[in-house]
$ cat coords-v4.tsv   # TSV, C-alpha atoms
chain	number	residue	atom	x	y	z
A	27	MET	CA	27.92	6.23	-4.89
A	28	ARG	CA	27.38	6.63	-8.64
A	29	ASP	CA	24.82	3.88	-9.16
A	30	TYR	CA	22.26	2.21	-6.93
A	31	LEU	CA	21.68	-1.46	-7.69
A	32	GLU	CA	18.51	-3.04	-6.36
A	33	THR	CA	19.02	-6.48	-4.82
A	34	LEU	CA	15.48	-7.75	-4.30
A	35	TYR	CA	15.74	-10.63	-6.80
A	36	GLU	CA	18.57	-13.03	-7.51
A	37	GLY	CA	19.97	-12.54	-11.01
A	38	TYR	CA	17.59	-9.76	-12.03
A	39	GLY	CA	17.29	-6.17	-10.97
A	40	GLN	CA	17.46	-2.52	-11.85
A	41	ARG	CA	20.02	0.24	-11.69
A	42	PHE	CA	19.46	3.88	-10.78
A	43	ALA	CA	22.00	6.59	-11.52
A	44	VAL	CA	22.62	8.48	-8.28
A	45	ASP	CA	22.88	12.10	-9.40
A	46	LYS	CA	23.03	13.34	-5.83
A	47	LEU	CA	23.06	11.42	-2.56
A	48	LEU	CA	20.76	13.27	-0.17
A	49	HIS	CA	20.84	11.08	2.91
A	50	GLU	CA	22.13	7.71	4.06
A	51	VAL	CA	21.63	6.29	7.54
A	52	ARG	CA	21.38	2.97	9.34
A	53	THR	CA	18.26	3.34	11.47
A	54	GLU	CA	17.35	1.13	14.39
A	55	HIS	CA	15.63	-1.23	11.94
A	56	GLN	CA	17.08	-0.86	8.44
A	57	HIS	CA	19.51	0.83	6.03
A	58	LEU	CA	17.89	3.91	4.44
A	59	VAL	CA	19.12	5.81	1.38
A	60	ILE	CA	17.52	8.82	-0.31
A	61	PHE	CA	19.01	10.13	-3.54
A	62	GLU	CA	18.15	12.15	-6.64
A	63	ASN	CA	17.76	10.63	-10.09
A	64	ALA	CA	17.17	12.71	-13.23
A	65	ARG	CA	14.33	10.53	-14.53
A	66	MET	CA	12.57	9.45	-11.32
A	67	GLY	CA	13.18	12.43	-9.03
A	68	ARG	CA	13.94	11.68	-5.41
A	69	VAL	CA	14.20	7.98	-4.62
A	70	MET	CA	14.12	6.14	-1.29
A	71	ALA	CA	15.52	2.66	-0.74
A	72	LEU	CA	15.53	0.45	2.35
A	73	ASP	CA	17.89	-2.51	2.76
A	74	GLY	CA	18.75	-2.61	-0.92
A	75	VAL	CA	15.16	-2.41	-2.17
A	76	ILE	CA	13.66	0.62	-3.90
A	77	GLN	CA	10.60	1.76	-1.93
A	78	THR	CA	9.30	4.84	-3.69
A	79	THR	CA	10.16	7.52	-6.25
A	80	GLU	CA	8.71	10.98	-6.73
A	81	ALA	CA	7.93	10.28	-10.40
A	82	ASP	CA	5.58	7.31	-10.05
A	83	GLU	CA	4.53	7.16	-6.39
A	84	PHE	CA	1.08	8.51	-7.25
A	85	ILE	CA	0.10	5.27	-9.00
A	86	TYR	CA	0.85	3.08	-5.99
A	87	HIS	CA	-0.52	5.44	-3.36
A	88	GLU	CA	-3.75	6.25	-5.21
A	89	MET	CA	-4.54	2.60	-5.93
A	90	LEU	CA	-3.80	1.37	-2.42
A	91	THR	CA	-5.98	4.14	-0.96
A	92	HIS	CA	-8.88	5.05	-3.24
A	93	VAL	CA	-9.91	1.54	-4.24
A	94	PRO	CA	-10.85	0.48	-0.67
A	95	LEU	CA	-12.10	3.92	0.43
A	96	PHE	CA	-14.42	4.44	-2.54
A	97	ALA	CA	-15.52	0.80	-2.37
A	98	HIS	CA	-16.44	1.23	1.28
A	99	GLY	CA	-18.42	4.38	0.60
A	100	LEU	CA	-18.35	5.89	4.08
A	101	PRO	CA	-15.04	5.21	5.84
A	102	ARG	CA	-14.88	7.16	9.11
A	103	ARG	CA	-11.86	5.50	10.71
A	104	VAL	CA	-8.82	4.43	8.69
A	105	LEU	CA	-5.71	2.56	9.87
A	106	ILE	CA	-2.48	2.81	7.87
A	107	ILE	CA	0.23	0.30	8.71
A	108	GLY	CA	3.66	1.36	7.46
A	109	GLY	CA	3.57	4.16	4.94
A	110	GLY	CA	6.30	6.20	6.60
A	111	ASP	CA	6.82	8.31	3.49
A	112	GLY	CA	3.35	9.84	3.95
A	113	GLY	CA	1.98	9.07	0.48
A	114	ILE	CA	-0.90	6.90	1.67
A	115	LEU	CA	-1.66	9.41	4.42
A	116	ARG	CA	-1.83	12.21	1.84
A	117	GLU	CA	-4.39	10.31	-0.25
A	118	VAL	CA	-6.51	9.17	2.73
A	119	ALA	CA	-6.62	12.75	4.01
A	120	LYS	CA	-8.32	13.82	0.74
A	121	HIS	CA	-11.47	11.96	1.81
A	122	ARG	CA	-13.60	14.45	3.72
A	123	GLU	CA	-15.77	11.77	5.36
A	124	VAL	CA	-12.74	10.27	7.15
A	125	GLU	CA	-12.83	11.46	10.77
A	126	HIS	CA	-9.84	9.68	12.23
A	127	ILE	CA	-6.58	8.34	10.73
A	128	THR	CA	-4.26	6.12	12.75
A	129	MET	CA	-0.85	5.51	11.19
A	130	VAL	CA	1.47	2.89	12.68
A	131	GLU	CA	5.06	3.01	11.42
A	132	ILE	CA	7.77	0.86	12.97
A	133	ASP	CA	10.61	3.24	12.11
A	134	GLY	CA	10.29	6.84	13.31
A	135	THR	CA	13.48	7.75	11.45
A	136	VAL	CA	11.78	6.95	8.12
A	137	VAL	CA	8.99	9.42	8.92
A	138	GLU	CA	11.43	12.17	9.89
A	139	MET	CA	13.70	11.61	6.88
A	140	CYS	CA	10.74	11.56	4.46
A	141	LYS	CA	9.30	14.76	5.91
A	142	GLU	CA	12.66	16.39	5.25
A	143	PHE	CA	13.76	14.81	1.97
A	144	LEU	CA	10.48	13.63	0.37
A	145	PRO	CA	8.05	16.41	1.35
A	146	ASN	CA	6.10	16.01	-1.91
A	147	HIS	CA	4.93	12.60	-0.74
A	148	SER	CA	3.09	13.84	2.36
A	149	GLN	CA	2.37	17.43	1.23
A	150	GLY	CA	1.75	18.50	4.81
A	151	ALA	CA	-0.53	15.55	5.68
A	152	PHE	CA	1.48	14.80	8.83
A	153	ASP	CA	-0.01	18.03	10.24
A	154	ASP	CA	-3.61	16.86	9.63
A	155	PRO	CA	-5.54	17.13	12.94
A	156	ARG	CA	-7.27	13.81	12.21
A	157	LEU	CA	-3.94	11.96	12.38
A	158	ASN	CA	-2.74	9.85	15.29
A	159	LEU	CA	0.83	8.80	14.43
A	160	VAL	CA	2.04	5.79	16.39
A	161	ILE	CA	5.66	4.60	16.22
A	162	ASP	CA	5.24	0.89	16.85
A	163	ASP	CA	5.42	-2.51	15.23
A	164	GLY	CA	2.31	-2.92	13.07
A	165	MET	CA	1.79	-6.53	14.14
A	166	HIS	CA	1.97	-5.58	17.82
A	167	PHE	CA	-0.49	-2.73	17.27
A	168	VAL	CA	-3.21	-4.74	15.53
A	169	ALA	CA	-2.78	-7.59	18.01
A	170	THR	CA	-3.32	-5.38	21.06
A	171	THR	CA	-5.49	-2.39	20.07
A	172	GLN	CA	-9.12	-2.16	21.12
A	173	ASP	CA	-9.89	0.30	18.30
A	174	LYS	CA	-11.96	-0.67	15.28
A	175	PHE	CA	-11.55	0.63	11.73
A	176	ASP	CA	-13.55	0.81	8.52
A	177	VAL	CA	-10.52	0.45	6.25
A	178	ILE	CA	-7.05	-0.92	7.02
A	179	ILE	CA	-4.26	-0.22	4.52
A	180	SER	CA	-1.00	-2.13	4.95
A	181	ASP	CA	1.75	-0.26	3.09
A	182	SER	CA	4.60	-2.54	4.07
A	183	THR	CA	8.03	-3.30	2.66
A	184	ASP	CA	8.57	-6.68	1.00
A	185	PRO	CA	8.24	-9.81	3.15
A	186	ILE	CA	11.85	-9.65	4.32
A	187	GLY	CA	13.27	-7.94	7.42
A	188	PRO	CA	10.89	-5.76	9.48
A	189	GLY	CA	8.04	-6.21	6.97
A	190	GLU	CA	7.98	-10.01	7.06
A	191	VAL	CA	5.49	-10.29	9.94
A	192	LEU	CA	2.99	-8.12	8.00
A	193	PHE	CA	2.43	-11.06	5.64
A	194	SER	CA	1.77	-13.62	8.41
A	195	GLU	CA	-1.47	-15.40	9.15
A	196	ASN	CA	-1.52	-13.81	12.60
A	197	PHE	CA	-1.37	-10.36	11.02
A	198	TYR	CA	-4.36	-10.96	8.72
A	199	GLN	CA	-6.35	-12.46	11.59
A	200	ALA	CA	-5.57	-9.49	13.84
A	201	CYS	CA	-6.59	-7.05	11.09
A	202	ARG	CA	-9.86	-8.91	10.60
A	203	ARG	CA	-10.55	-8.56	14.32
A	204	CYS	CA	-9.96	-4.78	14.08
A	205	LEU	CA	-12.42	-4.20	11.24
A	206	ASN	CA	-15.91	-2.82	11.70
A	207	ASP	CA	-18.87	-4.44	9.95
A	208	GLY	CA	-18.43	-3.83	6.23
A	209	GLY	CA	-14.73	-3.14	6.72
A	210	ILE	CA	-12.00	-3.69	4.11
A	211	LEU	CA	-8.32	-4.67	4.40
A	212	VAL	CA	-5.88	-4.03	1.55
A	213	THR	CA	-2.18	-4.86	1.53
A	214	GLN	CA	0.78	-4.44	-0.77
A	215	ASN	CA	1.51	-7.90	-2.19
A	216	GLY	CA	4.41	-7.66	-4.63
A	217	THR	CA	4.61	-8.36	-8.35
A	218	PRO	CA	3.05	-11.76	-9.09
A	219	PHE	CA	5.35	-12.51	-12.03
A	220	MET	CA	8.34	-12.46	-9.68
A	221	GLN	CA	6.62	-13.24	-6.36
A	222	LEU	CA	3.83	-15.68	-7.22
A	223	GLY	CA	4.57	-17.71	-4.09
A	224	GLU	CA	3.79	-14.71	-1.90
A	225	VAL	CA	0.49	-14.20	-3.72
A	226	GLN	CA	-0.43	-17.87	-3.21
A	227	THR	CA	0.47	-17.71	0.48
A	228	THR	CA	-1.64	-14.59	1.00
A	229	ALA	CA	-4.56	-16.23	-0.83
A	230	GLN	CA	-4.40	-19.24	1.50
A	231	ARG	CA	-4.36	-16.96	4.56
A	232	MET	CA	-7.22	-14.73	3.38
A	233	ASN	CA	-9.40	-17.67	2.36
A	234	GLY	CA	-11.83	-18.47	5.16
A	235	LEU	CA	-10.92	-15.29	7.03
A	236	PHE	CA	-12.91	-12.84	4.89
A	237	PRO	CA	-16.34	-13.32	3.27
A	238	ASP	CA	-14.71	-11.93	0.10
A	239	TRP	CA	-11.01	-11.96	-0.79
A	240	HIS	CA	-9.26	-11.27	-4.06
A	241	PHE	CA	-6.40	-9.27	-5.55
A	242	TYR	CA	-6.23	-6.22	-7.76
A	243	GLN	CA	-3.36	-4.74	-9.75
A	244	ALA	CA	-1.61	-1.62	-10.98
A	245	ALA	CA	1.55	-1.25	-13.02
A	246	VAL	CA	4.08	0.86	-11.09
A	247	PRO	CA	7.33	1.30	-13.11
A	248	THR	CA	9.56	1.36	-10.02
A	249	TYR	CA	8.39	-2.06	-8.86
A	250	ILE	CA	10.02	-4.18	-11.53
A	251	GLY	CA	8.57	-7.44	-12.74
A	252	GLY	CA	5.28	-6.23	-14.22
A	253	ALA	CA	2.04	-5.32	-12.50
A	254	MET	CA	1.90	-5.00	-8.73
A	255	THR	CA	-0.76	-6.89	-6.80
A	256	PHE	CA	-2.69	-5.66	-3.81
A	257	ALA	CA	-4.50	-8.14	-1.58
A	258	TRP	CA	-8.16	-7.42	-0.84
A	259	GLY	CA	-10.15	-8.75	2.09
A	260	ALA	CA	-13.70	-7.48	2.58
A	261	CYS	CA	-16.31	-8.16	5.27
A	262	ASN	CA	-19.07	-7.40	2.76
A	263	VAL	CA	-19.14	-9.46	-0.45
A	264	GLU	CA	-20.79	-6.56	-2.30
A	265	SER	CA	-17.88	-4.15	-1.78
A	266	ARG	CA	-15.83	-5.54	-4.68
A	267	LYS	CA	-18.71	-5.75	-7.15
A	268	LEU	CA	-20.17	-2.27	-6.96
A	269	PRO	CA	-21.76	-0.97	-10.16
A	270	LEU	CA	-19.53	1.38	-12.14
A	271	GLU	CA	-22.19	4.06	-11.85
A	272	THR	CA	-22.01	3.94	-8.03
A	273	LEU	CA	-18.24	4.40	-8.12
A	274	ARG	CA	-18.62	7.26	-10.59
A	275	GLN	CA	-21.06	9.03	-8.28
A	276	ARG	CA	-18.80	8.59	-5.25
A	277	TYR	CA	-15.73	9.74	-7.16
A	278	ALA	CA	-17.46	12.81	-8.63
A	279	GLY	CA	-19.03	13.64	-5.26
A	280	SER	CA	-15.66	13.55	-3.51
A	281	SER	CA	-14.12	16.26	-5.75
A	282	ILE	CA	-10.82	14.40	-5.28
A	283	VAL	CA	-8.35	15.01	-8.11
A	284	THR	CA	-6.33	11.93	-9.09
A	285	ARG	CA	-3.60	11.25	-11.63
A	286	TYR	CA	-4.06	7.48	-12.02
A	287	TYR	CA	-7.18	6.27	-10.23
A	288	ASN	CA	-10.62	6.56	-11.80
A	289	PRO	CA	-13.78	4.43	-11.49
A	290	GLU	CA	-13.03	2.52	-14.71
A	291	ILE	CA	-9.52	1.68	-13.51
A	292	HIS	CA	-11.04	0.62	-10.19
A	293	VAL	CA	-13.31	-1.95	-11.83
A	294	GLY	CA	-10.69	-3.16	-14.31
A	295	ALA	CA	-7.97	-3.58	-11.68
A	296	PHE	CA	-9.74	-6.64	-10.27
A	297	ALA	CA	-9.47	-8.52	-13.59
A	298	LEU	CA	-6.49	-10.80	-13.10
A	299	PRO	CA	-4.28	-12.66	-15.61
A	300	GLN	CA	-4.98	-16.35	-16.02
A	301	TYR	CA	-1.68	-17.48	-14.45
A	302	VAL	CA	-2.50	-15.55	-11.28
A	303	LEU	CA	-6.05	-16.93	-11.14
A	304	GLN	CA	-4.72	-20.46	-11.58
A	305	ALA	CA	-2.16	-19.91	-8.82
A	306	ILE	CA	-4.84	-18.75	-6.35
A	307	ARG	CA	-7.36	-21.29	-7.68
A	308	LYS	CA	-10.06	-18.88	-8.66
A	309	PRO	CA	-12.22	-18.81	-11.80
A	310	SER	CA	-11.96	-15.77	-14.07
A	311	ASN	CA	-15.61	-14.88	-13.47
A	312	ASP	CA	-15.30	-14.59	-9.67

$ encode --input "coords-v4.tsv" --output "structure tokens"
Amino acid sequence: MRDYLETLYEGYGQRFAVDKLLHEVRTEHQHLVIFENARMGRVMALDGVIQTTEADEFIYHEMLTHVPLFAHGLPRRVLIIGGGDGGILREVAKHREVEHITMVEIDGTVVEMCKEFLPNHSQGAFDDPRLNLVIDDGMHFVATTQDKFDVIISDSTDPIGPGEVLFSENFYQACRRCLNDGGILVTQNGTPFMQLGEVQTTAQRMNGLFPDWHFYQAAVPTYIGGAMTFAWGACNVESRKLPLETLRQRYAGSSIVTRYYNPEIHVGAFALPQYVLQAIRKPSND
């Protein structure tokens, strides 16, 4: 294998030079490849779709984690759905006030392979005593658990294959049921320029389910098609509109060192382009 061609979109994609193939396996659920690339470092792909690279993973993982956790202010219990590479877990574990982390990953092989071949993603976080790692289908877990959480982070693959159910109405409803008062759900939601239909579908499913729902964005080079959107569902309408000064105090007080996230980025990320606002039927001043 000299090149890896991503196949997520018809007629448009990206090519990675495979400098060294580290691992290739067909797991119980999907086809997994991990290889080295001179520009992006180690790269993992599942079923023909690039999932993460060492070079830019920090952008995605910081934004999917720190935006809801700092917005919440005092998250004690966090649920991660997916996230087998350990990047979200690493960032959640930086928050000292978090007492318990449950991580539900459908594919145990992904966790084991990422521990071995992408150790920089988790940086030892799988050994955190606060972690309860559950190998299970995320939809099944949220539908059946009696536990409640302050923040739920869905770090799923795209809405194809095993990840498809994590974009369903049943999934959002089950997550809402699992949230404590003041809780927040965030989910990976694709690049709106290429996947505007998915954004619209999520908007319809979040509307009426959460007192406040919206999207926020970050530009992650690996996820081609422009900025990436994250869906936001909050039980408290104030969570999204915190004063910048409050976020600055929480960020400074945490002593967490970030490479992408900061309070200004946090506030600005919720400003959406007009075509996205029109698609989800929201005014720009919401």

$ closest_residue --input "coords-v4.tsv" --among "A:Phe42, A:Trp258, A:Tyr286, A:Phe167" --to "Gly209 (chain A)" --atoms "all atoms listed in the file"
A:Trp258

$ residues_around --input "coords-v4.tsv" --residues "Phe61 (chain A)" --least-positions-apart "2" --cutoff "7 Å" --atoms "all atoms listed in the file" --output "compact mmCIF listing (two decimals) with C-alpha atoms, in the frame of the given file"
# COMPACT_ATOMS: atom_id res chain seq x y z
CA VAL A 44 22.62 8.48 -8.28
CA LYS A 46 23.03 13.34 -5.83
CA LEU A 47 23.06 11.42 -2.56
CA LEU A 48 20.76 13.27 -0.17
CA HIS A 49 20.84 11.08 2.91
CA VAL A 59 19.12 5.81 1.38
CA ASN A 63 17.76 10.63 -10.09
CA ARG A 68 13.94 11.68 -5.41
CA VAL A 69 14.20 7.98 -4.62
CA MET A 70 14.12 6.14 -1.29

$ residues_around --input "coords-v4.tsv" --residues "Glu125 (chain A)" --least-positions-apart "6" --cutoff "8 Å" --atoms "only C-alpha atoms" --output "list in words"
Arg102, Arg103 and Arg156 of chain A

$ closest_residue --input "coords-v4.tsv" --among "A:Asp111, A:Glu271, A:Glu195, A:Asp73" --to "Glu142 (chain A)" --atoms "all atoms listed in the file"
A:Asp111

$ residues_around --input "coords-v4.tsv" --residues "region 228-232 of chain A" --least-positions-apart "6" --cutoff "9 Å" --atoms "only C-alpha atoms" --output "JSON, numbers by chain"
{"A": [193, 194, 195, 198, 199, 215, 238, 239, 240, 241, 257, 258, 259, 306, 307]}

$ atom_distance --input "coords-v4.tsv" --atom1 "CA of Thr284 (chain A)" --atom2 "CA of Tyr242 (chain A)"
18.2 Å

$ atom_distance --input "coords-v4.tsv" --atom1 "CA of Ala253 (chain A)" --atom2 "CA of Phe219 (chain A)"
7.9 Å

$ closest_residue --input "coords-v4.tsv" --among "A:Pro101, A:Gly251, A:Gly112, A:Gly150" --to "Tyr38 (chain A)" --atoms "only C-alpha atoms"
A:Gly251

$ closest_residue --input "coords-v4.tsv" --among "A:Arg266, A:His147, A:Lys120, A:His166" --to "Pro94 (chain A)" --atoms "all atoms listed in the file"
A:Arg266

$ closest_residue --input "coords-v4.tsv" --among "A:Val160, A:Ile106, A:Val137, A:Ile127" --to "Ser182 (chain A)" --atoms "only C-alpha atoms"
A:Ile106

$ atom_distance --input "coords-v4.tsv" --atom1 "CA of Thr79 (chain A)" --atom2 "CA of Glu36 (chain A)"
22.2 Å

$ residues_near_point --input "coords-v4.tsv" --point "(-11.7, 14.7, 3.5)" --cutoff "10 Å" --atoms "only C-alpha atoms" --output "list in words"
Arg102, Glu117, Val118, Ala119, Lys120, His121, Arg122, Glu123, Val124, Glu125, Arg156, Ser280, Ser281 and Ile282 of chain A

$ closest_residue --input "coords-v4.tsv" --among "A:Asn233, A:Glu264, A:Arg65, A:Gly108" --to "Lys308 (chain A)" --atoms "all atoms listed in the file"
A:Asn233

$ residues_around --input "coords-v4.tsv" --residues "Ala200 (chain A)" --least-positions-apart "2" --cutoff "12 Å" --atoms "only C-alpha atoms" --output "list in words"
Gly164, Met165, His166, Phe167, Val168, Ala169, Thr170, Thr171, Gln172, Asp173, Lys174, Phe175, Ile178, Val191, Leu192, Phe193, Ser194, Glu195, Asn196, Phe197, Tyr198, Arg202, Arg203, Cys204, Leu205, Leu211, Arg231, Met232 and Leu235 of chain A

$ build_atoms --input "coords-v4.tsv" --residues "region 142-166 of chain A" --atoms "N, CA and C atoms" --output "PDB file, in the frame of the given file"
ATOM      1  N   GLU A 142      11.602  15.470   5.640  1.00  0.00           N
ATOM      2  CA  GLU A 142      12.660  16.390   5.250  1.00  0.00           C
ATOM      3  C   GLU A 142      13.043  16.269   3.782  1.00  0.00           C
ATOM      4  N   PHE A 143      13.203  15.017   3.309  1.00  0.00           N
ATOM      5  CA  PHE A 143      13.760  14.810   1.970  1.00  0.00           C
ATOM      6  C   PHE A 143      12.733  14.424   0.907  1.00  0.00           C
ATOM      7  N   LEU A 144      11.543  13.964   1.326  1.00  0.00           N
ATOM      8  CA  LEU A 144      10.480  13.630   0.370  1.00  0.00           C
ATOM      9  C   LEU A 144       9.185  14.364   0.740  1.00  0.00           C
ATOM     10  N   PRO A 145       9.247  15.684   0.895  1.00  0.00           N
ATOM     11  CA  PRO A 145       8.050  16.410   1.350  1.00  0.00           C
ATOM     12  C   PRO A 145       6.896  16.351   0.359  1.00  0.00           C
ATOM     13  N   ASN A 146       7.175  16.094  -0.922  1.00  0.00           N
ATOM     14  CA  ASN A 146       6.100  16.010  -1.910  1.00  0.00           C
ATOM     15  C   ASN A 146       5.212  14.791  -1.700  1.00  0.00           C
ATOM     16  N   HIS A 147       5.738  13.792  -1.005  1.00  0.00           N
ATOM     17  CA  HIS A 147       4.930  12.600  -0.740  1.00  0.00           C
ATOM     18  C   HIS A 147       3.797  12.923   0.241  1.00  0.00           C
ATOM     19  N   SER A 148       4.118  13.589   1.330  1.00  0.00           N
ATOM     20  CA  SER A 148       3.090  13.840   2.360  1.00  0.00           C
ATOM     21  C   SER A 148       2.348  15.152   2.152  1.00  0.00           C
ATOM     22  N   GLN A 149       3.002  16.122   1.513  1.00  0.00           N
ATOM     23  CA  GLN A 149       2.370  17.430   1.230  1.00  0.00           C
ATOM     24  C   GLN A 149       1.643  17.995   2.448  1.00  0.00           C
ATOM     25  N   GLY A 150       2.307  17.908   3.590  1.00  0.00           N
ATOM     26  CA  GLY A 150       1.750  18.500   4.810  1.00  0.00           C
ATOM     27  C   GLY A 150       0.765  17.629   5.553  1.00  0.00           C
ATOM     28  N   ALA A 151       0.511  16.402   5.065  1.00  0.00           N
ATOM     29  CA  ALA A 151      -0.530  15.550   5.680  1.00  0.00           C
ATOM     30  C   ALA A 151      -0.174  15.129   7.106  1.00  0.00           C
ATOM     31  N   PHE A 152       1.110  15.157   7.458  1.00  0.00           N
ATOM     32  CA  PHE A 152       1.480  14.800   8.830  1.00  0.00           C
ATOM     33  C   PHE A 152       0.952  15.831   9.841  1.00  0.00           C
ATOM     34  N   ASP A 153       0.557  16.998   9.356  1.00  0.00           N
ATOM     35  CA  ASP A 153      -0.010  18.030  10.240  1.00  0.00           C
ATOM     36  C   ASP A 153      -1.539  17.962  10.316  1.00  0.00           C
ATOM     37  N   ASP A 154      -2.145  16.982   9.627  1.00  0.00           N
ATOM     38  CA  ASP A 154      -3.610  16.860   9.630  1.00  0.00           C
ATOM     39  C   ASP A 154      -4.096  16.562  11.044  1.00  0.00           C
ATOM     40  N   PRO A 155      -5.057  17.341  11.559  1.00  0.00           N
ATOM     41  CA  PRO A 155      -5.540  17.130  12.940  1.00  0.00           C
ATOM     42  C   PRO A 155      -6.221  15.775  13.146  1.00  0.00           C
ATOM     43  N   ARG A 156      -6.619  15.122  12.082  1.00  0.00           N
ATOM     44  CA  ARG A 156      -7.270  13.810  12.210  1.00  0.00           C
ATOM     45  C   ARG A 156      -6.263  12.690  12.463  1.00  0.00           C
ATOM     46  N   LEU A 157      -4.970  13.002  12.318  1.00  0.00           N
ATOM     47  CA  LEU A 157      -3.940  11.960  12.380  1.00  0.00           C
ATOM     48  C   LEU A 157      -3.487  11.641  13.792  1.00  0.00           C
ATOM     49  N   ASN A 158      -3.414  10.352  14.090  1.00  0.00           N
ATOM     50  CA  ASN A 158      -2.740   9.850  15.290  1.00  0.00           C
ATOM     51  C   ASN A 158      -1.573   8.990  14.806  1.00  0.00           C
ATOM     52  N   LEU A 159      -0.352   9.519  14.891  1.00  0.00           N
ATOM     53  CA  LEU A 159       0.830   8.800  14.430  1.00  0.00           C
ATOM     54  C   LEU A 159       1.413   7.996  15.585  1.00  0.00           C
ATOM     55  N   VAL A 160       1.531   6.695  15.361  1.00  0.00           N
ATOM     56  CA  VAL A 160       2.040   5.790  16.390  1.00  0.00           C
ATOM     57  C   VAL A 160       3.321   5.132  15.869  1.00  0.00           C
ATOM     58  N   ILE A 161       4.425   5.289  16.604  1.00  0.00           N
ATOM     59  CA  ILE A 161       5.660   4.600  16.220  1.00  0.00           C
ATOM     60  C   ILE A 161       5.673   3.276  16.969  1.00  0.00           C
ATOM     61  N   ASP A 162       5.378   2.216  16.238  1.00  0.00           N
ATOM     62  CA  ASP A 162       5.240   0.890  16.850  1.00  0.00           C
ATOM     63  C   ASP A 162       5.294  -0.151  15.746  1.00  0.00           C
ATOM     64  N   ASP A 163       5.494  -1.381  16.148  1.00  0.00           N
ATOM     65  CA  ASP A 163       5.420  -2.510  15.230  1.00  0.00           C
ATOM     66  C   ASP A 163       3.956  -2.729  14.848  1.00  0.00           C
ATOM     67  N   GLY A 164       3.683  -2.792  13.543  1.00  0.00           N
ATOM     68  CA  GLY A 164       2.310  -2.920  13.070  1.00  0.00           C
ATOM     69  C   GLY A 164       1.620  -4.178  13.578  1.00  0.00           C
ATOM     70  N   MET A 165       2.359  -5.277  13.635  1.00  0.00           N
ATOM     71  CA  MET A 165       1.790  -6.530  14.140  1.00  0.00           C
ATOM     72  C   MET A 165       1.391  -6.378  15.606  1.00  0.00           C
ATOM     73  N   HIS A 166       2.260  -5.777  16.396  1.00  0.00           N
ATOM     74  CA  HIS A 166       1.970  -5.580  17.820  1.00  0.00           C
ATOM     75  C   HIS A 166       0.729  -4.693  17.986  1.00  0.00           C
TER      76      HIS A 166
END
